[in-house]
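Participant: I am sharing coords.tsv, which consists of TSV, C-alpha atoms:
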```
chain	number	residue	atom	x	y	z
A	1	MET	CA	-8.49	52.58	-25.91
A	2	ALA	CA	-6.25	51.41	-23.07
A	3	VAL	CA	-7.66	47.88	-23.23
A	4	ASN	CA	-7.16	47.73	-27.00
A	5	SER	CA	-3.57	48.91	-26.59
A	6	LEU	CA	-2.91	46.19	-24.04
A	7	HIS	CA	-4.38	43.61	-26.40
A	8	ASN	CA	-2.15	44.84	-29.23
A	9	ILE	CA	0.94	44.78	-27.04
A	10	ALA	CA	0.11	41.31	-25.75
A	11	THR	CA	-0.44	40.03	-29.27
A	12	LEU	CA	2.92	41.34	-30.50
A	13	ILE	CA	4.78	40.02	-27.49
A	14	LYS	CA	3.19	36.58	-27.60
A	15	ARG	CA	3.75	36.17	-31.34
A	16	LEU	CA	7.39	37.12	-30.90
A	17	GLU	CA	7.69	34.70	-28.01
A	18	ALA	CA	6.03	31.99	-30.10
A	19	VAL	CA	8.59	32.43	-32.90
A	20	THR	CA	11.41	32.38	-30.36
A	21	SER	CA	10.03	29.23	-28.74
A	22	ARG	CA	9.78	27.47	-32.12
A	23	LEU	CA	13.39	28.37	-32.92
A	24	GLU	CA	14.49	27.02	-29.56
A	25	ASP	CA	12.64	23.78	-30.29
A	26	ILE	CA	14.38	23.45	-33.65
A	27	ALA	CA	17.80	24.13	-32.14
A	28	SER	CA	17.22	21.58	-29.37
A	29	SER	CA	16.23	18.96	-31.95
A	30	ALA	CA	19.26	19.58	-34.15
A	31	ASP	CA	20.40	15.95	-34.18
A	32	SER	CA	17.04	14.48	-35.12
A	33	LEU	CA	16.58	17.12	-37.81
A	34	GLY	CA	20.02	16.52	-39.29
A	35	LEU	CA	21.26	20.03	-38.59
A	36	HIS	CA	24.96	20.82	-38.37
A	37	PRO	CA	26.02	22.01	-34.88
A	38	ASN	CA	26.93	25.40	-36.34
A	39	GLU	CA	23.44	25.73	-37.79
A	40	ALA	CA	21.89	24.94	-34.42
A	41	HIS	CA	24.16	27.53	-32.81
A	42	ILE	CA	23.04	30.18	-35.31
A	43	ILE	CA	19.39	29.37	-34.67
A	44	ARG	CA	19.93	29.76	-30.92
A	45	ASP	CA	21.60	33.13	-31.50
A	46	ILE	CA	18.61	34.28	-33.54
A	47	ALA	CA	16.20	33.09	-30.83
A	48	THR	CA	18.18	34.98	-28.21
A	49	ALA	CA	18.12	38.15	-30.29
A	50	LEU	CA	14.37	37.87	-30.87
A	51	ALA	CA	13.48	37.18	-27.24
A	52	PRO	CA	11.44	40.16	-26.02
A	53	ALA	CA	12.92	41.98	-23.09
A	54	SER	CA	10.83	43.15	-20.17
A	55	THR	CA	9.01	46.39	-20.97
A	56	ASP	CA	8.92	47.39	-17.32
A	57	PRO	CA	11.87	49.22	-15.73
A	58	GLN	CA	13.51	47.56	-12.78
A	59	ARG	CA	12.05	48.68	-9.53
A	60	PRO	CA	14.35	49.57	-6.65
A	61	GLN	CA	14.24	47.30	-3.64
A	62	GLN	CA	12.31	48.66	-0.70
A	63	PRO	CA	13.40	48.39	2.93
A	64	SER	CA	11.63	45.64	4.82
A	65	SER	CA	10.15	45.98	8.27
A	66	GLU	CA	13.28	44.27	9.62
A	67	GLY	CA	15.51	46.96	8.14
A	68	GLY	CA	16.89	44.83	5.29
A	69	LEU	CA	16.06	44.89	1.62
A	70	ALA	CA	12.71	43.35	0.76
A	71	ARG	CA	12.11	41.40	-2.42
A	72	PRO	CA	10.84	43.85	-5.08
A	73	PRO	CA	7.23	43.43	-6.22
A	74	GLU	CA	6.98	41.06	-9.16
A	75	ASP	CA	5.95	42.37	-12.57
A	76	ILE	CA	2.94	40.57	-14.00
A	77	PRO	CA	3.16	39.77	-17.74
A	78	VAL	CA	0.77	41.70	-19.98
A	79	ASP	CA	-1.07	38.56	-21.07
A	80	VAL	CA	-1.65	37.52	-17.45
A	81	THR	CA	-2.98	41.00	-16.73
A	82	LEU	CA	-5.40	40.55	-19.62
A	83	PHE	CA	-6.38	37.15	-18.24
A	84	ASP	CA	-7.14	38.85	-14.92
A	85	SER	CA	-9.39	41.26	-16.81
A	86	PHE	CA	-11.19	38.30	-18.37
A	87	ILE	CA	-11.71	36.84	-14.89
A	88	LYS	CA	-13.33	40.08	-13.74
A	89	THR	CA	-15.57	40.56	-16.78
A	90	GLY	CA	-16.27	36.95	-17.76
A	91	ILE	CA	-15.97	34.73	-14.69
A	92	ASP	CA	-16.93	36.87	-11.71
A	93	PRO	CA	-20.37	37.92	-13.06
A	94	PHE	CA	-21.14	34.25	-13.72
A	95	ILE	CA	-20.06	33.42	-10.17
A	96	ASP	CA	-22.41	36.10	-8.83
A	97	LEU	CA	-25.39	34.70	-10.74
A	98	SER	CA	-24.54	31.19	-9.56
A	99	GLN	CA	-24.48	32.35	-5.95
A	100	LYS	CA	-27.96	33.80	-6.41
A	101	ILE	CA	-29.18	30.43	-7.70
A	102	GLY	CA	-27.42	28.75	-4.80
A	103	GLY	CA	-27.31	25.07	-3.86
A	104	VAL	CA	-25.26	22.58	-5.82
A	105	VAL	CA	-25.07	24.95	-8.80
A	106	ALA	CA	-23.20	27.52	-6.72
A	107	GLU	CA	-21.02	24.76	-5.27
A	108	GLN	CA	-20.11	23.44	-8.71
A	109	VAL	CA	-19.35	26.86	-10.18
A	110	THR	CA	-17.13	27.69	-7.20
A	111	ILE	CA	-15.03	24.68	-8.18
A	112	LEU	CA	-14.97	25.90	-11.79
A	113	ARG	CA	-13.55	29.20	-10.53
A	114	ARG	CA	-10.66	27.30	-8.97
A	115	GLY	CA	-9.90	25.90	-12.41
A	116	PHE	CA	-9.36	29.39	-13.80
A	117	ASP	CA	-7.16	30.22	-10.80
A	118	ALA	CA	-5.06	27.18	-11.69
A	119	GLN	CA	-4.84	28.40	-15.28
A	120	ARG	CA	-3.49	31.72	-14.10
A	121	ARG	CA	-0.72	29.94	-12.21
A	122	ILE	CA	0.11	27.92	-15.33
A	123	LEU	CA	0.42	31.12	-17.37
A	124	LEU	CA	2.75	32.61	-14.78
A	125	VAL	CA	4.92	29.50	-14.60
A	126	ILE	CA	5.32	29.30	-18.38
A	127	SER	CA	6.06	33.02	-18.65
A	128	LYS	CA	9.09	32.50	-16.39
A	129	ALA	CA	10.38	29.09	-17.46
A	130	LYS	CA	12.24	27.58	-20.36
A	131	LYS	CA	10.47	24.73	-22.10
A	132	PRO	CA	11.84	21.41	-20.83
A	133	HIS	CA	13.45	19.49	-23.69
A	134	GLY	CA	13.73	15.81	-22.86
A	135	ASP	CA	13.93	16.52	-19.13
A	136	LYS	CA	11.71	13.80	-17.70
A	137	ALA	CA	11.79	15.22	-14.17
A	138	ALA	CA	10.80	18.69	-15.39
A	139	GLU	CA	8.05	17.28	-17.58
A	140	LYS	CA	6.68	15.35	-14.61
A	141	ALA	CA	6.83	18.51	-12.50
A	142	TYR	CA	4.86	20.36	-15.16
A	143	GLN	CA	2.23	17.64	-15.16
A	144	ASN	CA	1.82	18.34	-11.45
A	145	VAL	CA	1.19	22.00	-12.31
A	146	LEU	CA	-1.52	20.89	-14.74
A	147	LYS	CA	-3.09	18.40	-12.33
A	148	PRO	CA	-5.37	20.92	-10.55
A	149	ILE	CA	-7.18	21.41	-13.87
A	150	GLU	CA	-7.81	17.67	-14.10
A	151	ASP	CA	-8.98	17.60	-10.48
A	152	VAL	CA	-11.39	20.49	-11.06
A	153	ILE	CA	-12.98	18.85	-14.09
A	154	SER	CA	-13.30	15.57	-12.19
A	155	SER	CA	-14.97	17.28	-9.21
A	156	ILE	CA	-17.36	19.18	-11.47
A	157	ARG	CA	-18.45	15.99	-13.20
A	158	GLN	CA	-18.79	14.18	-9.88
A	159	ILE	CA	-21.30	16.79	-8.69
A	160	GLN	CA	-23.16	16.39	-11.97
A	161	GLN	CA	-23.42	12.61	-11.61
A	162	GLU	CA	-24.38	12.75	-7.94
A	163	ASN	CA	-27.36	14.94	-8.83
A	164	ARG	CA	-28.68	12.98	-11.79
A	165	GLY	CA	-32.47	13.12	-11.82
A	166	THR	CA	-32.68	16.31	-9.74
A	167	PRO	CA	-34.12	19.64	-11.00
A	168	ALA	CA	-30.60	21.07	-11.14
A	169	PHE	CA	-29.21	18.32	-13.36
A	170	ASN	CA	-29.45	20.22	-16.66
A	171	MET	CA	-27.67	23.24	-15.20
A	172	LEU	CA	-24.99	21.05	-13.64
A	173	SER	CA	-24.54	19.25	-16.97
A	174	THR	CA	-24.19	22.58	-18.76
A	175	VAL	CA	-21.25	23.50	-16.55
A	176	ALA	CA	-19.77	20.00	-16.66
A	177	ASP	CA	-19.78	19.73	-20.45
A	178	GLY	CA	-18.30	23.20	-20.82
A	179	SER	CA	-15.59	22.61	-18.23
A	180	PHE	CA	-13.39	20.92	-20.83
A	181	ALA	CA	-12.56	24.44	-22.01
A	182	LEU	CA	-10.14	24.51	-19.08
A	183	THR	CA	-7.84	22.17	-21.03
A	184	TRP	CA	-6.95	24.89	-23.55
A	185	THR	CA	-3.63	25.37	-21.74
A	186	THR	CA	-2.47	22.02	-23.15
A	187	VAL	CA	-3.31	22.89	-26.77
A	188	GLU	CA	-0.22	23.92	-28.74
A	189	SER	CA	-1.96	25.77	-31.57
A	190	ARG	CA	-5.22	27.74	-31.89
A	191	PRO	CA	-6.42	26.96	-28.34
A	192	TRP	CA	-9.59	28.97	-28.85
A	193	LEU	CA	-10.91	26.07	-30.96
A	194	GLN	CA	-10.96	23.95	-27.80
A	195	VAL	CA	-13.02	26.65	-26.10
A	196	GLU	CA	-15.45	26.95	-29.00
A	197	GLU	CA	-15.90	23.16	-29.09
A	198	SER	CA	-16.58	23.16	-25.35
A	199	LEU	CA	-19.23	25.84	-25.84
A	200	THR	CA	-20.96	23.62	-28.39
A	201	MET	CA	-20.95	20.79	-25.85
A	202	ALA	CA	-22.33	23.06	-23.10
A	203	GLN	CA	-25.16	24.24	-25.33
A	204	PHE	CA	-26.78	20.80	-25.45
A	205	PHE	CA	-27.96	21.01	-21.84
A	206	GLY	CA	-27.80	24.80	-21.68
A	207	ASN	CA	-30.48	25.08	-24.34
A	208	LYS	CA	-32.63	22.67	-22.34
A	209	VAL	CA	-32.37	25.04	-19.38
A	210	LEU	CA	-33.48	27.91	-21.63
A	211	LYS	CA	-36.53	25.90	-22.69
A	212	GLU	CA	-37.40	25.12	-19.07
A	213	HIS	CA	-37.28	28.73	-17.87
A	214	PRO	CA	-38.83	31.93	-19.25
A	215	LYS	CA	-36.75	34.56	-20.98
A	216	GLY	CA	-35.34	37.03	-18.48
A	217	SER	CA	-35.44	34.57	-15.59
A	218	LEU	CA	-32.41	34.15	-13.36
A	219	GLU	CA	-31.74	30.75	-14.91
A	220	ALA	CA	-31.90	32.16	-18.45
A	221	GLN	CA	-29.52	34.97	-17.50
A	222	TRP	CA	-27.22	32.37	-15.97
A	223	VAL	CA	-27.06	30.37	-19.21
A	224	GLY	CA	-26.46	33.50	-21.27
A	225	LYS	CA	-23.62	34.59	-19.00
A	226	TYR	CA	-22.06	31.13	-19.19
A	227	TYR	CA	-22.18	31.21	-22.99
A	228	SER	CA	-20.61	34.67	-23.08
A	229	LEU	CA	-17.80	33.38	-20.86
A	230	PHE	CA	-16.69	31.11	-23.69
A	231	THR	CA	-16.95	33.90	-26.25
A	232	GLU	CA	-14.79	36.21	-24.14
A	233	LEU	CA	-12.23	33.49	-23.43
A	234	ALA	CA	-11.95	32.55	-27.11
A	235	SER	CA	-11.48	36.21	-28.02
A	236	PHE	CA	-8.74	36.57	-25.40
A	237	LEU	CA	-6.93	33.48	-26.70
A	238	ARG	CA	-7.04	34.69	-30.30
A	239	GLU	CA	-5.26	37.86	-29.21
A	240	ALA	CA	-2.85	36.65	-26.54
A	241	TYR	CA	-2.08	33.05	-27.55
A	242	PRO	CA	-2.72	32.57	-31.29
A	243	TYR	CA	-0.08	29.80	-31.40
A	244	GLY	CA	-0.71	28.40	-27.94
A	245	ILE	CA	1.15	29.23	-24.75
A	246	SER	CA	4.78	30.21	-25.37
A	247	TRP	CA	7.58	29.32	-23.00
A	248	ASN	CA	10.22	31.88	-22.04
A	249	SER	CA	13.38	31.01	-23.99
A	250	GLN	CA	15.37	33.28	-21.66
A	251	GLY	CA	13.67	32.02	-18.52
A	252	ASP	CA	14.78	29.90	-15.60
A	253	ALA	CA	14.65	26.12	-15.38
A	254	LEU	CA	11.09	24.89	-14.91
A	255	SER	CA	11.91	23.15	-11.63
A	256	ASN	CA	13.29	26.40	-10.19
A	257	VAL	CA	10.22	28.36	-11.26
A	258	ILE	CA	7.83	25.82	-9.76
A	259	ALA	CA	9.81	25.76	-6.53
A	260	GLY	CA	9.78	29.56	-6.27
A	261	ASP	CA	6.98	31.90	-5.37
A	262	VAL	CA	4.30	32.38	-8.04
A	263	ALA	CA	2.23	35.55	-7.90
```
Could you write out this file's structure as structure tokens?
Facilitator:
Amino acid sequence: MAVNSLHNIATLIKRLEAVTSRLEDIASSADSLGLHPNEAHIIRDIATALAPASTDPQRPQQPSSEGGLARPPEDIPVDVTLFDSFIKTGIDPFIDLSQKIGGVVAEQVTILRRGFDAQRRILLVISKAKKPHGDKAAEKAYQNVLKPIEDVISSIRQIQQENRGTPAFNMLSTVADGSFALTWTTVESRPWLQVEESLTMAQFFGNKVLKEHPKGSLEAQWVGKYYSLFTELASFLREAYPYGISWNSQGDALSNVIAGDVA
């Protein structure tokens, strides 16, 4: 029940944030859309009114060990909390199976795990920042936030290619082809479709692994757990980000958020 409630809350919040973000985009593009300045101002007022406020009460500052006031603990957005739950139920069990298999498979999947860590940071950054509109420096800074995803995918595919012709190649290819699911953070609408497409790609070599190993074997369990990872991620995205990741219209400048501490 508690998990379902969190999903419902996250869905409502993210849909409201998505509407607010769209209104902000329209207001910022007033000139190109032929809107009168007064119309743009009204749209911004509506976006401000719709922006969801924090549901968590402010926490009092606690004394630090030096006797001063310490920075209060940071509230984690509901959708990031749900993403953490996905990590525990979807990613960590797959990591455990990969460690049992060992070798280059475990090495490759450890890199994949770093990709999901990078995604979590992206979600936190966007939850705190306003969307950069025509700010080239901010857009470049955001590309740097996304770069770890690109690096992870590149490293995963490098391991695959370096082990071509080895017994582990089909398993490595399964992970490599599915790793493109990590790019869902760049999809502006219905990001779960990217995940579902990546699952289809992963199944080409994954099904070969299933044919090579008997049902119930460690390798077969590994493939099944990898497939379920995509199913769980797609389900999460349908609930939390039906319109893609939403920026915080009331947030700080992106450069300030990136420069600050990210939980």
Participant: Point out the residue among A:Thr81, A:Ser228, A:Gln221, A:Thr110 with the least atom-to-atom distance to Leu97 of chain A, counting all atoms listed in the file.
Facilitator: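 Checking each of A:Thr81, A:Ser228, A:Gln221, A:Thr110 against Leu97 of chain A, counting all atoms listed in the file, the winner is A:Gln221.
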Participant: Using all atoms listed in the file, pick whichever of A:Gln99, A:Asn144, A:Gln108, A:Ser154 has the shortest atom-to-atom distance to Phe169 of chain A.
Facilitator: A:Gln108
Participant: Which residues of segment 133-186 of chain A come within 7 Å of segment 206-209 of chain A, and for each one, what is the closest pair of atoms and their distance in Å to one decimal, counting only C-alpha atoms, sorted by chain and residue number, as CSV?
Facilitator:
```
residue,atom,partner,partner_atom,distance
A:Asn170,CA,A:Val209,CA,6.3
A:Met171,CA,A:Val209,CA,6.5
A:Thr174,CA,A:Gly206,CA,5.1
```
Participant: Would you compute the distance between atom CA of Val145 of chain A and atom CA of Ser198 of chain A? Give it in Å to one decimal.
Facilitator: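 If I compute the distance from atom CA of Val145 of chain A to atom CA of Ser198 of chain A, I get 22.1 Å.
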Participant: With distances taken over only C-alpha atoms, which residue among A:Leu124, A:Ile159, A:Ile91, A:Ile101 lies nearest Asp79 of chain A?
Facilitator: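 When distances to Asp79 of chain A are compared using only C-alpha atoms, the smallest one comes from A:Leu124.
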Participant: Pick from A:Glu188, A:Glu212, A:Glu197, A:Glu162: nearest to Phe230 of chain A, with all atoms listed in the file counted?
Facilitator: A:Glu197
Participant: Work out how far atom CA of Arg121 of chain A is from atom CA of Val257 of chain A, in Å to one decimal.
Facilitator: 11.1 Å
Participant: Neighbouring residues of Leu146 of chain A were defined as those with any atom within 12 Å, considering only C-alpha atoms; residues of the same chain fewer than 5 positions away were excluded. Please report them as a PyMOL selection string.
Facilitator: chain A and resi 115-123+125-126+139-141+151-153+182-186+258
Participant: Quick one, how far is atom CA of Phe86 of chain A from atom CA of Ser173 of chain A?
Facilitator: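 Answer for the atom CA of Phe86 of chain A to atom CA of Ser173 of chain A separation: 23.3 Å.
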Participant: Enclose segment 164-183 of chain A, meaning all of its atoms listed in the file, in a box aligned along x, y and z, pad it by 4 Å on each side, and list the centre and edge lengths in Å to one decimal, as lines of an AutoDock Vina configuration file.
Facilitator:
```
center_x = -21.0
center_y = 18.7
center_z = -15.9
size_x = 34.3
size_y = 19.5
size_z = 20.3
```
Participant: Between A:Pro148, A:Gly251, A:Pro191, A:Pro93, which residue has the minimum interatomic distance to Pro132 of chain A, considering all atoms listed in the file?
Facilitator: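 So, comparing all the options, the nearest one is A:Gly251.
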Participant: Would you please work out which residue, of A:Val223, A:Leu112, A:Leu233, A:Ala138, is nearest to Ala259 of chain A when using all atoms listed in the file?
Facilitator: A:Ala138
Participant: List the spatial neighbours of segment 241-247 of chain A as a PyMOL selection string - criterion: any atom at most 6 Å away, all atoms listed in the file, same-chain residues fewer than 6 positions off excluded.
Facilitator: chain A and resi 17-18+126-127+130-131+188-191
Participant: Just segment 231-249 of chain A from the block, N, CA and C atoms, as an mmCIF file, in the first residue's frame, could you?
Facilitator:
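Everything below was put into out_36.cif:
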```cif
data_model
loop_
_atom_site.group_PDB
_atom_site.id
_atom_site.type_symbol
_atom_site.label_atom_id
_atom_site.label_comp_id
_atom_site.auth_asym_id
_atom_site.auth_seq_id
_atom_site.Cartn_x
_atom_site.Cartn_y
_atom_site.Cartn_z
ATOM 1 N N THR A 231 11.638 -4.295 -17.569
ATOM 2 C CA THR A 231 10.207 -4.229 -17.277
ATOM 3 C C THR A 231 9.940 -3.314 -16.086
ATOM 4 N N GLU A 232 10.754 -3.452 -15.043
ATOM 5 C CA GLU A 232 10.582 -2.623 -13.853
ATOM 6 C C GLU A 232 10.896 -1.160 -14.147
ATOM 7 N N LEU A 233 11.940 -0.919 -14.938
ATOM 8 C CA LEU A 233 12.302 0.459 -15.269
ATOM 9 C C LEU A 233 11.212 1.118 -16.111
ATOM 10 N N ALA A 234 10.681 0.395 -17.089
ATOM 11 C CA ALA A 234 9.613 0.948 -17.927
ATOM 12 C C ALA A 234 8.380 1.264 -17.091
ATOM 13 N N SER A 235 8.060 0.388 -16.146
ATOM 14 C CA SER A 235 6.913 0.619 -15.270
ATOM 15 C C SER A 235 7.125 1.865 -14.413
ATOM 16 N N PHE A 236 8.330 2.014 -13.894
ATOM 17 C CA PHE A 236 8.658 3.202 -13.097
ATOM 18 C C PHE A 236 8.499 4.473 -13.924
ATOM 19 N N LEU A 237 8.985 4.450 -15.159
ATOM 20 C CA LEU A 237 8.934 5.642 -16.004
ATOM 21 C C LEU A 237 7.502 6.007 -16.384
ATOM 22 N N ARG A 238 6.670 5.009 -16.601
ATOM 23 C CA ARG A 238 5.264 5.286 -16.908
ATOM 24 C C ARG A 238 4.590 6.040 -15.761
ATOM 25 N N GLU A 239 4.981 5.716 -14.540
ATOM 26 C CA GLU A 239 4.372 6.338 -13.372
ATOM 27 C C GLU A 239 4.989 7.699 -13.056
ATOM 28 N N ALA A 240 6.312 7.747 -13.017
ATOM 29 C CA ALA A 240 6.995 8.949 -12.535
ATOM 30 C C ALA A 240 7.256 9.988 -13.621
ATOM 31 N N TYR A 241 7.519 9.545 -14.856
ATOM 32 C CA TYR A 241 7.898 10.478 -15.917
ATOM 33 C C TYR A 241 7.125 10.197 -17.211
ATOM 34 N N PRO A 242 5.805 10.271 -17.177
ATOM 35 C CA PRO A 242 5.030 9.970 -18.390
ATOM 36 C C PRO A 242 5.321 10.928 -19.538
ATOM 37 N N TYR A 243 5.757 12.146 -19.218
ATOM 38 C CA TYR A 243 6.060 13.137 -20.258
ATOM 39 C C TYR A 243 7.551 13.453 -20.312
ATOM 40 N N GLY A 244 8.363 12.560 -19.795
ATOM 41 C CA GLY A 244 9.791 12.816 -19.729
ATOM 42 C C GLY A 244 10.141 13.565 -18.458
ATOM 43 N N ILE A 245 11.417 13.751 -18.227
ATOM 44 C CA ILE A 245 11.878 14.443 -17.026
ATOM 45 C C ILE A 245 11.442 15.904 -17.069
ATOM 46 N N SER A 246 10.913 16.398 -15.948
ATOM 47 C CA SER A 246 10.452 17.784 -15.866
ATOM 48 C C SER A 246 11.422 18.615 -15.039
ATOM 49 N N TRP A 247 11.764 19.767 -15.577
ATOM 50 C CA TRP A 247 12.616 20.693 -14.845
ATOM 51 C C TRP A 247 11.795 21.403 -13.780
ATOM 52 N N ASN A 248 12.481 22.001 -12.821
ATOM 53 C CA ASN A 248 11.835 22.720 -11.728
ATOM 54 C C ASN A 248 11.696 24.194 -12.101
ATOM 55 N N SER A 249 10.480 24.614 -12.434
ATOM 56 C CA SER A 249 10.267 25.994 -12.880
ATOM 57 C C SER A 249 10.572 27.010 -11.785
#
```
